[in-house]
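Okay, structure first, notes after.
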Amino acid sequence: LRTACQTPPGSRTGQDITCLEEALRWTSPILKPRTSQDLRFLGSRLELRKFDKLAVIVEAGTPCDALCVVVVGSLTVQRTREICPAGKHVLQCQCPGVRSKVTNIVGHIPNHTAICEHSLLAEQFYHGASVVAAEICEVVMLFRSDFFLRAPPDPEVENKYMFMRKLPRLEGIPDVELRAACGYLDRESHTHSSQPLIREGDLFQKFYIIISGRVKALRLVPEGRLPKSAQKKI
């Protein structure tokens, strides 16, 4: 990705575009289902930008407008909050006095990681945290304005979004975050009635939506026996 992007957008060869097409397809689930023609066009629009250490790449409160892929170096995610003289968050304290701002590092973004994917899905969405270069780094950027020139919203993602939006348990999730989640949805088929979907004691790793058929929730007693009162159909 970095090597092909080192050539300016207007001077890239067919080989550069082919390399960028393959790289983009595996960069984000949002880009994976796009046609080869779409990805070749988007590859021709990518920009490679260099940032010095401690340079602000994404600033909290600014509009989201580009998908970013870190190709050299690493980044930190930072949040700034106001505190009162007693050291409490201003929303938790009404005491008089001068407020001060404290910035904390809340996350790290390693090399070869895509960030701000939701920038390609919706307008008027703002960054909730700042992203700062932890060292000299290079970032490949795909701007939403270029994305929508060639790649309108994916109908499959839109259908998934409309289905998810109707679920009562997801009512509180913002539209942008729900659309982004739809790009990661997977479908599983379980054909055997005795096949476990989730085993008791397993780590929670997935959110399941039953779209057809029925499942049964079973709770085992310490001895390993299953009383009838522990069965529940869903």
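Residues in the structure tokens are named by chain (A, B, ... in the order shown) and by number from 1 within that chain; ligands are numbered from 1 in the order shown.
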Give me the residues within 10 Å of A:Tyr208 as a PDB file with N, CA and C atoms, in the first residue's frame, counting only C-alpha atoms and dropping any in the same chain fewer than 6 places off.
ATOM      1  N   LEU A 185     -21.141  -7.787   9.806  1.00  0.00           N
ATOM      2  CA  LEU A 185     -22.085  -8.867  10.087  1.00  0.00           C
ATOM      3  C   LEU A 185     -21.720 -10.144   9.335  1.00  0.00           C
ATOM      4  N   ASP A 186     -21.846 -11.261  10.004  1.00  0.00           N
ATOM      5  CA  ASP A 186     -21.607 -12.574   9.420  1.00  0.00           C
ATOM      6  C   ASP A 186     -22.846 -13.429   9.603  1.00  0.00           C
ATOM      7  N   ARG A 187     -23.086 -14.352   8.674  1.00  0.00           N
ATOM      8  CA  ARG A 187     -24.237 -15.253   8.803  1.00  0.00           C
ATOM      9  C   ARG A 187     -23.742 -16.665   9.084  1.00  0.00           C
ATOM     10  N   GLU A 188     -24.327 -17.289  10.093  1.00  0.00           N
ATOM     11  CA  GLU A 188     -23.983 -18.658  10.451  1.00  0.00           C
ATOM     12  C   GLU A 188     -25.212 -19.544  10.326  1.00  0.00           C
ATOM     13  N   LEU A 197     -24.829 -23.443  20.056  1.00  0.00           N
ATOM     14  CA  LEU A 197     -24.520 -22.133  19.495  1.00  0.00           C
ATOM     15  C   LEU A 197     -23.535 -21.404  20.404  1.00  0.00           C
ATOM     16  N   ILE A 198     -23.823 -21.449  21.705  1.00  0.00           N
ATOM     17  CA  ILE A 198     -22.947 -20.870  22.721  1.00  0.00           C
ATOM     18  C   ILE A 198     -22.857 -21.877  23.865  1.00  0.00           C
TER      19      ILE A 198
END
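Going from atom CA of A:Lys53 over to atom CA of A:Ile136, you cover 4.7 Å.
Minimum atom-to-atom distances from A:Val77, A:Ile57, A:Leu121, A:Val139 to A:Arg2 were compared using only C-alpha atoms, and the lowest value belongs to A:Val139.
For stretch 125-130 of chain A, the list of residues within 9 Å, based on only C-alpha atoms and with local chain neighbours fewer than 3 positions off taken out, reads Val56, Ile57, Val58, Glu59, Ala60, Gly61, Thr62, Pro63, Cys64, Asp65, Thr76, Val77, Gln78, Arg79, Thr80, Cys116, His118, Ser119, Ala122 and Val176 of chain A.
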Only all heavy atoms, please: the residues just picked out, written as a compact mmCIF listing (two decimals), in the first residue's frame.
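See out33.txt below for the written result:
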# COMPACT_ATOMS: atom_id res chain seq x y z
N VAL A 56 -0.99 16.22 15.19
CA VAL A 56 -2.38 15.80 15.33
C VAL A 56 -2.91 15.37 13.97
O VAL A 56 -2.98 16.18 13.04
CB VAL A 56 -3.25 16.94 15.91
CG1 VAL A 56 -4.71 16.49 16.00
CG2 VAL A 56 -2.73 17.36 17.28
N ILE A 57 -3.27 14.11 13.84
CA ILE A 57 -3.79 13.57 12.58
C ILE A 57 -5.30 13.72 12.52
O ILE A 57 -5.88 14.07 11.50
CB ILE A 57 -3.37 12.10 12.43
CG1 ILE A 57 -1.84 12.02 12.38
CG2 ILE A 57 -3.99 11.46 11.19
CD1 ILE A 57 -1.29 10.63 12.49
N VAL A 58 -5.95 13.44 13.63
CA VAL A 58 -7.40 13.62 13.76
C VAL A 58 -7.65 14.40 15.05
O VAL A 58 -7.13 14.03 16.10
CB VAL A 58 -8.12 12.25 13.83
CG1 VAL A 58 -9.58 12.44 14.23
CG2 VAL A 58 -8.03 11.53 12.50
N GLU A 59 -8.42 15.46 14.97
CA GLU A 59 -8.69 16.29 16.14
C GLU A 59 -10.11 16.08 16.63
O GLU A 59 -11.06 16.08 15.84
CB GLU A 59 -8.46 17.77 15.81
CG GLU A 59 -8.56 18.69 17.02
CD GLU A 59 -8.20 20.11 16.71
OE1 GLU A 59 -7.86 20.41 15.54
OE2 GLU A 59 -8.26 20.95 17.63
N ALA A 60 -10.27 15.89 17.93
CA ALA A 60 -11.60 15.68 18.51
C ALA A 60 -12.50 16.87 18.20
O ALA A 60 -12.08 18.02 18.29
CB ALA A 60 -11.47 15.51 20.03
N GLY A 61 -13.74 16.57 17.81
CA GLY A 61 -14.70 17.61 17.52
C GLY A 61 -14.75 18.04 16.06
O GLY A 61 -15.66 18.76 15.66
N THR A 62 -13.79 17.58 15.25
CA THR A 62 -13.79 17.92 13.83
C THR A 62 -14.58 16.88 13.03
O THR A 62 -14.71 15.74 13.47
CB THR A 62 -12.36 18.01 13.28
OG1 THR A 62 -11.70 16.73 13.47
CG2 THR A 62 -11.56 19.08 14.02
N PRO A 63 -15.11 17.25 11.86
CA PRO A 63 -15.89 16.30 11.07
C PRO A 63 -15.04 15.13 10.59
O PRO A 63 -13.87 15.28 10.27
CB PRO A 63 -16.37 17.15 9.88
CG PRO A 63 -16.25 18.56 10.33
CD PRO A 63 -15.09 18.61 11.27
N CYS A 64 -15.65 13.95 10.55
CA CYS A 64 -14.98 12.76 10.00
C CYS A 64 -15.07 12.84 8.47
O CYS A 64 -16.18 12.92 7.93
CB CYS A 64 -15.66 11.49 10.48
SG CYS A 64 -15.69 11.30 12.28
N ASP A 65 -13.95 12.82 7.81
CA ASP A 65 -13.99 12.97 6.36
C ASP A 65 -13.08 12.02 5.60
O ASP A 65 -13.00 12.09 4.38
CB ASP A 65 -13.66 14.42 5.96
CG ASP A 65 -12.23 14.81 6.35
OD1 ASP A 65 -11.59 14.03 7.07
OD2 ASP A 65 -11.79 15.89 5.93
N THR A 76 -1.42 7.37 18.82
CA THR A 76 -2.09 7.26 20.11
C THR A 76 -3.45 7.95 20.03
O THR A 76 -3.62 8.92 19.29
CB THR A 76 -1.28 7.92 21.25
OG1 THR A 76 -1.07 9.32 20.95
CG2 THR A 76 0.06 7.24 21.42
N VAL A 77 -4.41 7.42 20.78
CA VAL A 77 -5.74 8.03 20.88
C VAL A 77 -5.79 8.81 22.19
O VAL A 77 -5.49 8.25 23.25
CB VAL A 77 -6.84 6.95 20.85
CG1 VAL A 77 -8.22 7.60 20.92
CG2 VAL A 77 -6.71 6.09 19.61
N GLN A 78 -6.17 10.07 22.11
CA GLN A 78 -6.14 10.93 23.29
C GLN A 78 -7.49 11.61 23.50
O GLN A 78 -8.15 12.01 22.55
CB GLN A 78 -5.05 12.00 23.15
CG GLN A 78 -3.66 11.42 22.94
CD GLN A 78 -2.57 12.49 22.87
OE1 GLN A 78 -2.85 13.69 23.00
NE2 GLN A 78 -1.34 12.06 22.66
N ARG A 79 -7.87 11.73 24.76
CA ARG A 79 -9.08 12.44 25.15
C ARG A 79 -8.72 13.55 26.13
O ARG A 79 -7.91 13.36 27.03
CB ARG A 79 -10.11 11.51 25.80
CG ARG A 79 -10.75 10.52 24.84
CD ARG A 79 -11.82 9.71 25.54
NE ARG A 79 -12.38 8.68 24.70
CZ ARG A 79 -13.38 8.87 23.84
NH1 ARG A 79 -13.94 10.07 23.74
NH2 ARG A 79 -13.84 7.87 23.12
N THR A 80 -9.35 14.70 25.94
CA THR A 80 -9.12 15.85 26.82
C THR A 80 -10.39 16.15 27.60
O THR A 80 -11.48 16.18 27.03
CB THR A 80 -8.71 17.09 26.01
OG1 THR A 80 -7.51 16.79 25.28
CG2 THR A 80 -8.45 18.28 26.93
N CYS A 116 -11.10 5.21 11.46
CA CYS A 116 -12.11 6.16 10.95
C CYS A 116 -12.88 5.61 9.76
O CYS A 116 -13.25 6.36 8.84
CB CYS A 116 -11.47 7.51 10.58
SG CYS A 116 -10.51 8.27 11.91
N HIS A 118 -15.91 4.71 9.66
CA HIS A 118 -17.25 5.29 9.63
C HIS A 118 -17.31 6.58 8.83
O HIS A 118 -18.38 7.03 8.45
CB HIS A 118 -17.75 5.53 11.06
CG HIS A 118 -16.79 6.29 11.90
ND1 HIS A 118 -15.84 5.66 12.67
CD2 HIS A 118 -16.61 7.61 12.09
CE1 HIS A 118 -15.12 6.58 13.31
NE2 HIS A 118 -15.56 7.76 12.97
N SER A 119 -16.14 7.19 8.55
CA SER A 119 -16.11 8.43 7.77
C SER A 119 -16.68 8.21 6.37
O SER A 119 -17.16 9.15 5.74
CB SER A 119 -14.68 8.96 7.66
OG SER A 119 -14.14 9.24 8.93
N ALA A 122 -21.23 8.05 6.49
CA ALA A 122 -22.22 9.08 6.82
C ALA A 122 -21.56 10.45 6.90
O ALA A 122 -20.36 10.57 7.15
CB ALA A 122 -22.91 8.76 8.14
N VAL A 176 -24.66 6.12 12.59
CA VAL A 176 -23.34 5.93 11.99
C VAL A 176 -22.67 4.68 12.53
O VAL A 176 -22.10 3.88 11.77
CB VAL A 176 -22.45 7.17 12.27
CG1 VAL A 176 -21.02 6.91 11.82
CG2 VAL A 176 -23.01 8.38 11.55
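Proximity of A:Gly73, A:Pro29, A:Gly107, A:Gly201 to A:Leu120, computed with only C-alpha atoms, is greatest for A:Pro29.
In this model, the gap between atom CA of A:Ile115 and atom CA of A:Cys68 comes to 5.3 Å.
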Selection: 12 Å around A:Thr18, only C-alpha atoms, excl. self and same-chain fewer than 3 positions, as a list in words:
Leu1, Ala4, Cys5, Arg12, Thr13, Gly14, Gln15, Glu21, Glu22, Ala23, Leu24, Arg25, Ser36, Gln37, Asp38, Leu39, Arg40, Phe41, Leu42, Gly43 and Ser44 of chain A
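In this structure, atom CA of A:Val72 sits 29.0 Å away from atom CA of A:Cys182.
With distances taken over only C-alpha atoms, A:Leu46 is the one residue among A:Leu75, A:Leu46, A:Val102, A:Ile210 lying closest to A:Gly10.
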